[in-house]
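Engineer: Quick one: the structure is below, and I'll ask about it shortly.
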Amino acid sequence: MTLLPHELHLLRACWVKSGLLPSRLDMSPAGLREIYAGRLADEIAAWLADGLLGWQYPLRHRSAFLPVAWLVGTRPEEDSYLDSLVALGGELGRHVEPEFARIDAELRHEAGEVKLGSAFAEGAARAVPRLAGGLAAAAPGEGKDEALRALLDALELVERLEPARVVTPLGAAWNLLFGSSAAEKRPLGEPREALCLQQAFVRALAPAMHAGRGDAVLPGLLDMFERAVDASGVPAAGALAEEIAACRERLRGGGAPPPRPARRRAGAVRQQVPAGPAAVSAAKPARWGIALSGRNPVAAEVTP
Amino acid sequence: MHTIVAILERLEREPRGQTVLANLLHSIDARLIAAGSVHAALQNFLRDLGSGQDPLPTCQELAERLGGHFVKQGIWLNSKEPRLHKHLAGDRQVLSRIVSYENLHGMLTRAGLPKRCLPPPRPPAAAGGGEIARGGVPMVRDYMQRRQWERDVLLRHFGMSKDVTWLTASAALPPVTAGAAGLADRYRDRLGLSHLNTGRHLFRIDIDLAKNPFPDAWHCRRPHGAGNGGARFRVAYDAPDKSCNWGRTVDLALLRQQATPIDGVPELLIDQCNPRIDAVDIHYVGRVTYDSEREDEYFARRLGAVGAALLQRRLCARRGS
């Protein structure tokens, strides 16, 4: 996907507002950029959350992802509208936010760039707690199914975009849905759907699971998922347990990190991920390793 | 300020754009979409394009964007409703969709399949088998054939999460026979899937309508503007009887031979398609062994010369009538 100039204008008109700048400009250049990038990611999160939820309803073609709806879910080679959003994120990675660059030049800060692609990926992560809040509040038959599907889609988007900072927003969403204070809340859906939701959280957090990050939330989250898998009795419990074990191994820092898989974009192809020791065997069904890549280098470029 | 005439003239310049013009005209003539709707969609496109300070998109960009714009205008929803019995007669009423391994893998993992159950898709150009390494094909084929995927997925619905999805009558497709040479190439060609080239592994997803009846108003014939259609989509087809209201794919093998007719198989469009998994069967078809033809100019000629001026007149005349 190549964004045409007017499509970029339309997107920026949605996201870039005067309120992105802090009220005082006499802070450090890095701090100023941090606040600007964070607020931009929040605006994108609101846009994405609205779009992901709107997509779940019949009139999606008129309401979701305005004002660039024609870019999402319309291409013949795609089988999911998320392919379009991943491609959009990749395309935005080439663009610097020009308004911040202008302000930066005026202040002679040289604080660096705010890249739209990084803000888009961060926005996807920040959309998750918004959608989780909607799911927790929805009653069965009154938008609960749609809220669940939107949240699952948001988590897949995070998994594929690999934003640099993902643990805090996803941890908050997890606590909202599965934490101790969520015990008295209404059930999230069928037990298998709840399990699928937890699996999606783990997948989205997988790139953040590597030794030395010191994120205390991740081991506890894996413990909860493991208990849910054990209690579910689903036939795939063994394969899910293997995914969990691979995550724990990464958290402990064991084994060499696997090579990064290519970001899956519409029309693009994936790079090969070696099968590892559990290679293909005709006699025994093989198991393939979950791709636990490191931080997203694109997103890391703007991380202070 | 850009104009509709400028857009049509830009499209006229290249074969891909000429194909779009021909399909638009044929869609109007076949009363699949109203001329007024096309005109309104083009005006909306111009409005989105803005003040005209940006250059007019290239022919290729226009061809791609207009399809997306038309989908979002919902024009296709007013197209003709296919008569299902014309192509779905018999004991098993089954609709099929052909996807690559990458697409299938995405659908299954989206339904909660643990990633360790299947090998990740490789680039189609990867040595030793393309998307699936040679040694992995028997395992993947058996996994689908024995319906192990149904046991392993967590969700009970199979998500094809697009705005529009096109399906064909299963009975119109060659039977899937294990080890049949060239079957994937035949499938790709019969369905006109010109974007699926060497190294792709194809799978047939069958949806049994007896187990998963869709609501009444979910399907229609595909006009231009409903999911851009790729490079080898055409509205007008050769078979004289069009009373079924289904469309026809273009058979890429016949097109390559410059044969007549070049009709492929019947096809229809549906809105979002999320069938129950017990209504779904997945069959491994095989690996695509050669690229599809790329004669854009010849294909545009086969659709007939439709100039920008002719379409402009038709848009104005029908709007006025």
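Here's how to read the names in the structure tokens: chain A, B, ... by the order shown, residue numbers from 1 in each chain, ligand numbers from 1 in the order shown.
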Using only C-alpha atoms, which protein or nucleic acid residues come within 10 Å of A:Ala41? Drop anything in the same chain fewer than 5 positions from it, and give the result as an mmCIF file with N, CA and C atoms, in the first residue's frame.

Structural biologist:
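The result, stored in result.cif:
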data_model
loop_
_atom_site.group_PDB
_atom_site.id
_atom_site.type_symbol
_atom_site.label_atom_id
_atom_site.label_comp_id
_atom_site.auth_asym_id
_atom_site.auth_seq_id
_atom_site.Cartn_x
_atom_site.Cartn_y
_atom_site.Cartn_z
ATOM 1 N N TRP A 15 -5.979 13.035 13.520
ATOM 2 C CA TRP A 15 -5.122 12.733 14.666
ATOM 3 C C TRP A 15 -4.407 13.944 15.258
ATOM 4 N N VAL A 16 -3.984 14.849 14.397
ATOM 5 C CA VAL A 16 -3.097 15.933 14.861
ATOM 6 C C VAL A 16 -3.942 17.136 15.263
ATOM 7 N N LEU A 20 -2.114 18.448 21.305
ATOM 8 C CA LEU A 20 -1.016 17.487 21.448
ATOM 9 C C LEU A 20 0.177 18.100 22.165
ATOM 10 N N ILE A 35 5.781 13.789 25.320
ATOM 11 C CA ILE A 35 4.370 14.128 25.553
ATOM 12 C C ILE A 35 3.622 14.211 24.230
ATOM 13 N N TYR A 36 4.240 14.849 23.247
ATOM 14 C CA TYR A 36 3.580 15.001 21.940
ATOM 15 C C TYR A 36 3.304 13.625 21.332
ATOM 16 N N ALA A 46 -7.857 6.235 19.919
ATOM 17 C CA ALA A 46 -9.308 6.490 19.883
ATOM 18 C C ALA A 46 -9.861 6.182 18.496
ATOM 19 N N TRP A 47 -9.114 6.583 17.471
ATOM 20 C CA TRP A 47 -9.557 6.337 16.087
ATOM 21 C C TRP A 47 -9.597 4.834 15.807
ATOM 22 N N LEU A 116 5.063 8.756 12.407
ATOM 23 C CA LEU A 116 3.647 8.375 12.439
ATOM 24 C C LEU A 116 3.484 6.861 12.597
ATOM 25 N N GLY A 117 4.398 6.094 12.015
ATOM 26 C CA GLY A 117 4.294 4.635 12.122
ATOM 27 C C GLY A 117 4.438 4.164 13.559
ATOM 28 N N SER A 118 5.379 4.762 14.300
ATOM 29 C CA SER A 118 5.564 4.387 15.699
ATOM 30 C C SER A 118 4.347 4.775 16.518
ATOM 31 N N ALA A 119 3.824 5.987 16.246
ATOM 32 C CA ALA A 119 2.640 6.436 16.970
ATOM 33 C C ALA A 119 1.446 5.538 16.657
ATOM 34 N N PHE A 120 1.372 5.059 15.418
ATOM 35 C CA PHE A 120 0.273 4.176 15.027
ATOM 36 C C PHE A 120 0.360 2.853 15.801
ATOM 37 N N ALA A 121 1.578 2.309 15.889
ATOM 38 C CA ALA A 121 1.751 1.047 16.627
ATOM 39 C C ALA A 121 1.435 1.246 18.110
ATOM 40 N N GLU A 122 1.917 2.343 18.673
ATOM 41 C CA GLU A 122 1.607 2.649 20.083
ATOM 42 C C GLU A 122 0.098 2.834 20.253
ATOM 43 N N GLY A 123 -0.510 3.471 19.260
ATOM 44 C CA GLY A 123 -1.954 3.698 19.315
ATOM 45 C C GLY A 123 -2.718 2.389 19.346
ATOM 46 N N ALA A 124 -2.234 1.400 18.593
ATOM 47 C CA ALA A 124 -2.895 0.091 18.604
ATOM 48 C C ALA A 124 -2.857 -0.504 20.005
ATOM 49 N N ALA A 125 -1.704 -0.388 20.664
ATOM 50 C CA ALA A 125 -1.594 -0.919 22.036
ATOM 51 C C ALA A 125 -2.525 -0.157 22.976
ATOM 52 N N ARG A 126 -2.601 1.161 22.810
ATOM 53 C CA ARG A 126 -3.440 1.958 23.708
ATOM 54 C C ARG A 126 -4.930 1.800 23.413
ATOM 55 N N ALA A 127 -5.247 1.268 22.234
ATOM 56 C CA ALA A 127 -6.663 1.006 21.935
ATOM 57 C C ALA A 127 -7.177 -0.192 22.735
#

Engineer: Please extract the residues of stretch 36-272 of chain B with a backbone DSSP assignment of helix (DSSP H, G or I) and present them as number ranges by chain.

Structural biologist: B: 36-49, 59-73, 75-78, 84-86, 101-110, 115-117, 134-145, 148-152, 170-172, 183-190, 216-218, 252-256

Engineer: Restricting the output to C-alpha atoms, write the selected residues as a PDB file, in the first residue's frame.

Structural biologist:
ATOM      1  CA  GLY B  36     -26.134   7.768 -10.824  1.00  0.00           C
ATOM      2  CA  SER B  37     -24.396   5.728  -8.117  1.00  0.00           C
ATOM      3  CA  VAL B  38     -21.202   5.569 -10.154  1.00  0.00           C
ATOM      4  CA  HIS B  39     -21.360   9.310 -10.746  1.00  0.00           C
ATOM      5  CA  ALA B  40     -21.935   9.969  -7.039  1.00  0.00           C
ATOM      6  CA  ALA B  41     -19.076   7.656  -6.078  1.00  0.00           C
ATOM      7  CA  LEU B  42     -16.740   9.455  -8.483  1.00  0.00           C
ATOM      8  CA  GLN B  43     -17.822  12.808  -7.038  1.00  0.00           C
ATOM      9  CA  ASN B  44     -17.119  11.536  -3.528  1.00  0.00           C
ATOM     10  CA  PHE B  45     -13.733  10.366  -4.703  1.00  0.00           C
ATOM     11  CA  LEU B  46     -13.032  13.846  -6.050  1.00  0.00           C
ATOM     12  CA  ARG B  47     -14.185  15.420  -2.789  1.00  0.00           C
ATOM     13  CA  ASP B  48     -11.798  13.186  -0.836  1.00  0.00           C
ATOM     14  CA  LEU B  49      -9.053  14.044  -3.262  1.00  0.00           C
ATOM     15  CA  CYS B  59      -3.731   5.107 -13.574  1.00  0.00           C
ATOM     16  CA  GLN B  60      -2.706   2.145 -11.418  1.00  0.00           C
ATOM     17  CA  GLU B  61      -3.496   4.036  -8.208  1.00  0.00           C
ATOM     18  CA  LEU B  62      -6.857   5.098  -9.574  1.00  0.00           C
ATOM     19  CA  ALA B  63      -7.707   1.548 -10.608  1.00  0.00           C
ATOM     20  CA  GLU B  64      -6.935   0.312  -7.095  1.00  0.00           C
ATOM     21  CA  ARG B  65      -8.539   3.172  -5.189  1.00  0.00           C
ATOM     22  CA  LEU B  66     -11.800   3.329  -7.116  1.00  0.00           C
ATOM     23  CA  GLY B  67     -12.642  -0.278  -6.255  1.00  0.00           C
ATOM     24  CA  GLY B  68     -12.156   0.471  -2.567  1.00  0.00           C
ATOM     25  CA  HIS B  69     -14.216   3.641  -2.816  1.00  0.00           C
ATOM     26  CA  PHE B  70     -17.065   1.821  -4.518  1.00  0.00           C
ATOM     27  CA  VAL B  71     -17.078  -0.895  -1.851  1.00  0.00           C
ATOM     28  CA  LYS B  72     -17.323   1.734   0.844  1.00  0.00           C
ATOM     29  CA  GLN B  73     -20.201   3.439  -0.937  1.00  0.00           C
ATOM     30  CA  ILE B  75     -22.961   0.199  -4.280  1.00  0.00           C
ATOM     31  CA  TRP B  76     -22.559  -3.539  -4.657  1.00  0.00           C
ATOM     32  CA  LEU B  77     -25.238  -4.235  -2.078  1.00  0.00           C
ATOM     33  CA  ASN B  78     -27.871  -3.186  -4.629  1.00  0.00           C
ATOM     34  CA  LEU B  84     -28.705 -20.160  -5.981  1.00  0.00           C
ATOM     35  CA  HIS B  85     -30.476 -23.237  -7.367  1.00  0.00           C
ATOM     36  CA  LYS B  86     -28.971 -22.646 -10.798  1.00  0.00           C
ATOM     37  CA  TYR B 101      -1.633 -21.155   2.889  1.00  0.00           C
ATOM     38  CA  GLU B 102      -0.734 -17.746   4.296  1.00  0.00           C
ATOM     39  CA  ASN B 103      -4.403 -16.710   4.246  1.00  0.00           C
ATOM     40  CA  LEU B 104      -5.569 -19.998   5.728  1.00  0.00           C
ATOM     41  CA  HIS B 105      -2.948 -19.874   8.467  1.00  0.00           C
ATOM     42  CA  GLY B 106      -4.135 -16.380   9.397  1.00  0.00           C
ATOM     43  CA  MET B 107      -7.786 -17.464   9.536  1.00  0.00           C
ATOM     44  CA  LEU B 108      -7.032 -20.464  11.748  1.00  0.00           C
ATOM     45  CA  THR B 109      -4.762 -18.621  14.181  1.00  0.00           C
ATOM     46  CA  ARG B 110      -7.430 -15.903  14.358  1.00  0.00           C
ATOM     47  CA  LYS B 115       0.659 -21.503  16.513  1.00  0.00           C
ATOM     48  CA  ARG B 116       2.629 -24.629  17.247  1.00  0.00           C
ATOM     49  CA  CYS B 117       0.074 -26.788  15.425  1.00  0.00           C
ATOM     50  CA  ARG B 134       8.264 -30.074   1.012  1.00  0.00           C
ATOM     51  CA  GLY B 135       8.533 -32.302   4.066  1.00  0.00           C
ATOM     52  CA  GLY B 136       5.716 -30.436   5.781  1.00  0.00           C
ATOM     53  CA  VAL B 137       3.058 -30.881   3.089  1.00  0.00           C
ATOM     54  CA  PRO B 138       1.855 -34.388   4.134  1.00  0.00           C
ATOM     55  CA  MET B 139       1.431 -33.263   7.721  1.00  0.00           C
ATOM     56  CA  VAL B 140      -0.505 -30.135   6.774  1.00  0.00           C
ATOM     57  CA  ARG B 141      -2.677 -32.061   4.299  1.00  0.00           C
ATOM     58  CA  ASP B 142      -3.510 -34.751   6.879  1.00  0.00           C
ATOM     59  CA  TYR B 143      -4.146 -32.118   9.526  1.00  0.00           C
ATOM     60  CA  MET B 144      -6.821 -30.577   7.315  1.00  0.00           C
ATOM     61  CA  GLN B 145      -8.211 -33.829   5.944  1.00  0.00           C
ATOM     62  CA  GLN B 148      -7.705 -31.944  13.499  1.00  0.00           C
ATOM     63  CA  TRP B 149      -7.881 -28.177  13.104  1.00  0.00           C
ATOM     64  CA  GLU B 150     -11.531 -28.307  14.254  1.00  0.00           C
ATOM     65  CA  ARG B 151     -10.426 -29.915  17.498  1.00  0.00           C
ATOM     66  CA  ASP B 152      -7.602 -27.439  18.078  1.00  0.00           C
ATOM     67  CA  SER B 170     -18.171 -26.221  -5.197  1.00  0.00           C
ATOM     68  CA  ALA B 171     -19.677 -28.474  -7.870  1.00  0.00           C
ATOM     69  CA  ALA B 172     -18.090 -26.314 -10.582  1.00  0.00           C
ATOM     70  CA  LEU B 183      -4.305 -29.264  -9.811  1.00  0.00           C
ATOM     71  CA  ALA B 184      -3.370 -26.044  -8.012  1.00  0.00           C
ATOM     72  CA  ASP B 185      -2.510 -24.412 -11.334  1.00  0.00           C
ATOM     73  CA  ARG B 186      -5.901 -25.466 -12.705  1.00  0.00           C
ATOM     74  CA  TYR B 187      -7.686 -24.086  -9.649  1.00  0.00           C
ATOM     75  CA  ARG B 188      -5.804 -20.800  -9.823  1.00  0.00           C
ATOM     76  CA  ASP B 189      -6.554 -20.495 -13.540  1.00  0.00           C
ATOM     77  CA  ARG B 190     -10.250 -21.507 -13.363  1.00  0.00           C
ATOM     78  CA  ASP B 216     -31.590 -14.186   2.803  1.00  0.00           C
ATOM     79  CA  ALA B 217     -30.015 -10.932   1.700  1.00  0.00           C
ATOM     80  CA  TRP B 218     -26.394 -11.751   2.095  1.00  0.00           C
ATOM     81  CA  LEU B 252      -6.482 -17.612 -17.040  1.00  0.00           C
ATOM     82  CA  ALA B 253      -5.372 -20.683 -19.003  1.00  0.00           C
ATOM     83  CA  LEU B 254      -7.932 -19.982 -21.746  1.00  0.00           C
ATOM     84  CA  LEU B 255      -6.951 -16.336 -21.706  1.00  0.00           C
ATOM     85  CA  ARG B 256      -3.309 -17.303 -22.156  1.00  0.00           C
TER      86      ARG B 256
END

Engineer: I want to know what sits within 7 Å of A:Leu131, based on only C-alpha atoms, with residues of the same chain fewer than 5 positions away left out; could you give that as number ranges by chain?

Structural biologist: A: 49, 147, 151

Engineer: Just all heavy atoms for this one: save the residues we selected as a tab-separated table (two decimals), in the first residue's frame.

Structural biologist:
chain	number	residue	atom	x	y	z
A	49	ALA	N	-9.78	2.33	18.01
A	49	ALA	CA	-10.80	1.63	18.82
A	49	ALA	C	-12.18	1.81	18.20
A	49	ALA	O	-12.95	0.85	18.09
A	49	ALA	CB	-10.77	2.15	20.26
A	147	ALA	N	-17.95	-6.36	20.94
A	147	ALA	CA	-16.84	-5.83	21.73
A	147	ALA	C	-15.73	-6.87	21.86
A	147	ALA	O	-14.53	-6.54	21.81
A	147	ALA	CB	-17.34	-5.41	23.11
A	151	LEU	N	-11.92	-6.52	20.37
A	151	LEU	CA	-10.75	-6.63	21.24
A	151	LEU	C	-9.78	-7.69	20.70
A	151	LEU	O	-8.56	-7.49	20.70
A	151	LEU	CB	-11.19	-6.96	22.67
A	151	LEU	CG	-10.08	-7.08	23.70
A	151	LEU	CD1	-9.19	-5.84	23.73
A	151	LEU	CD2	-10.65	-7.33	25.09

Engineer: When you look at B:Gly304 with a cut-off of 8 Å (counting only C-alpha atoms), what residues show up, excluding the ones that are within fewer than 3 positions of it in the same chain? I need them as a VMD selection string.

Structural biologist: chain B and resid 22 300 to 301

Engineer: From the set A:Glu242, A:Ala132, A:Phe100, A:Gln198, which residue has the shortest atom-to-atom contact distance to A:Glu34, counting only C-alpha atoms?

Structural biologist: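 Closest residue, counting only C-alpha atoms: A:Phe100.
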
Engineer: For A:Leu170, list every protein, DNA or RNA residue within 10 Å, evaluated using only C-alpha atoms, and leave out those in the same chain fewer than 5 positions away; present the list as a list in words.

Structural biologist: Ala125, Arg126, Ala127, Val128, Pro129, Ala132, Leu155, Val158, Arg165, Asn175, Leu176, Phe201, Val202, Ala204, Leu205 and Val217 of chain A

Engineer: Between A:Arg24, A:Lys17, A:His6, A:Arg60, single out the one closest to A:Leu40, counting only C-alpha atoms.

Structural biologist: A:Lys17

Engineer: DSSP on the backbone, strand (DSSP E) only: what residues of stretch 51-178 of chain B does that give? Format it as a ChimeraX atom specification.

Structural biologist: /B:94-100,165-169

Engineer: Would you pick out the contacts of B:Ala169 at 7 Å or less, using only C-alpha atoms, so that residues sharing its chain but fewer than 2 positions from it are not included, and give the list as a PyMOL selection string?

Structural biologist: chain B and resi 87-88+94-96+167+171-172+266-267

Engineer: Which is closest to A:Ser80 among B:Ala125, B:Ala181, B:Val99, B:Ile4, if we use only C-alpha atoms?

Structural biologist: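 Distance minimum relative to A:Ser80 lands on B:Val99.
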
Engineer: Which is closest to chain A among B:Leu24, B:Ala126, B:Leu8, B:Val250, if we use only C-alpha atoms?

Structural biologist: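 Of the candidates, the smallest distance to chain A is held by B:Ala126.
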
Engineer: As a VMD selection string, please: the residues near stretch 283-299 of chain B (cut-off 6 Å, only C-alpha atoms, same-chain neighbours under 4 positions excluded).

Structural biologist: chain B and resid 15 141 184 to 185 194 197 to 204

Engineer: How many Å lie between atom CA of A:Gly143 and atom CA of A:Leu48, rounded to one decimal?

Structural biologist: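 About the pair atom CA of A:Gly143 and atom CA of A:Leu48: they are 17.5 Å apart.
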
Engineer: Can you work out which one of B:Val164, B:Val153, B:Ile132, B:Leu21 has the shortest atom-to-atom distance to B:Gln272, counting only C-alpha atoms?

Structural biologist: B:Val164
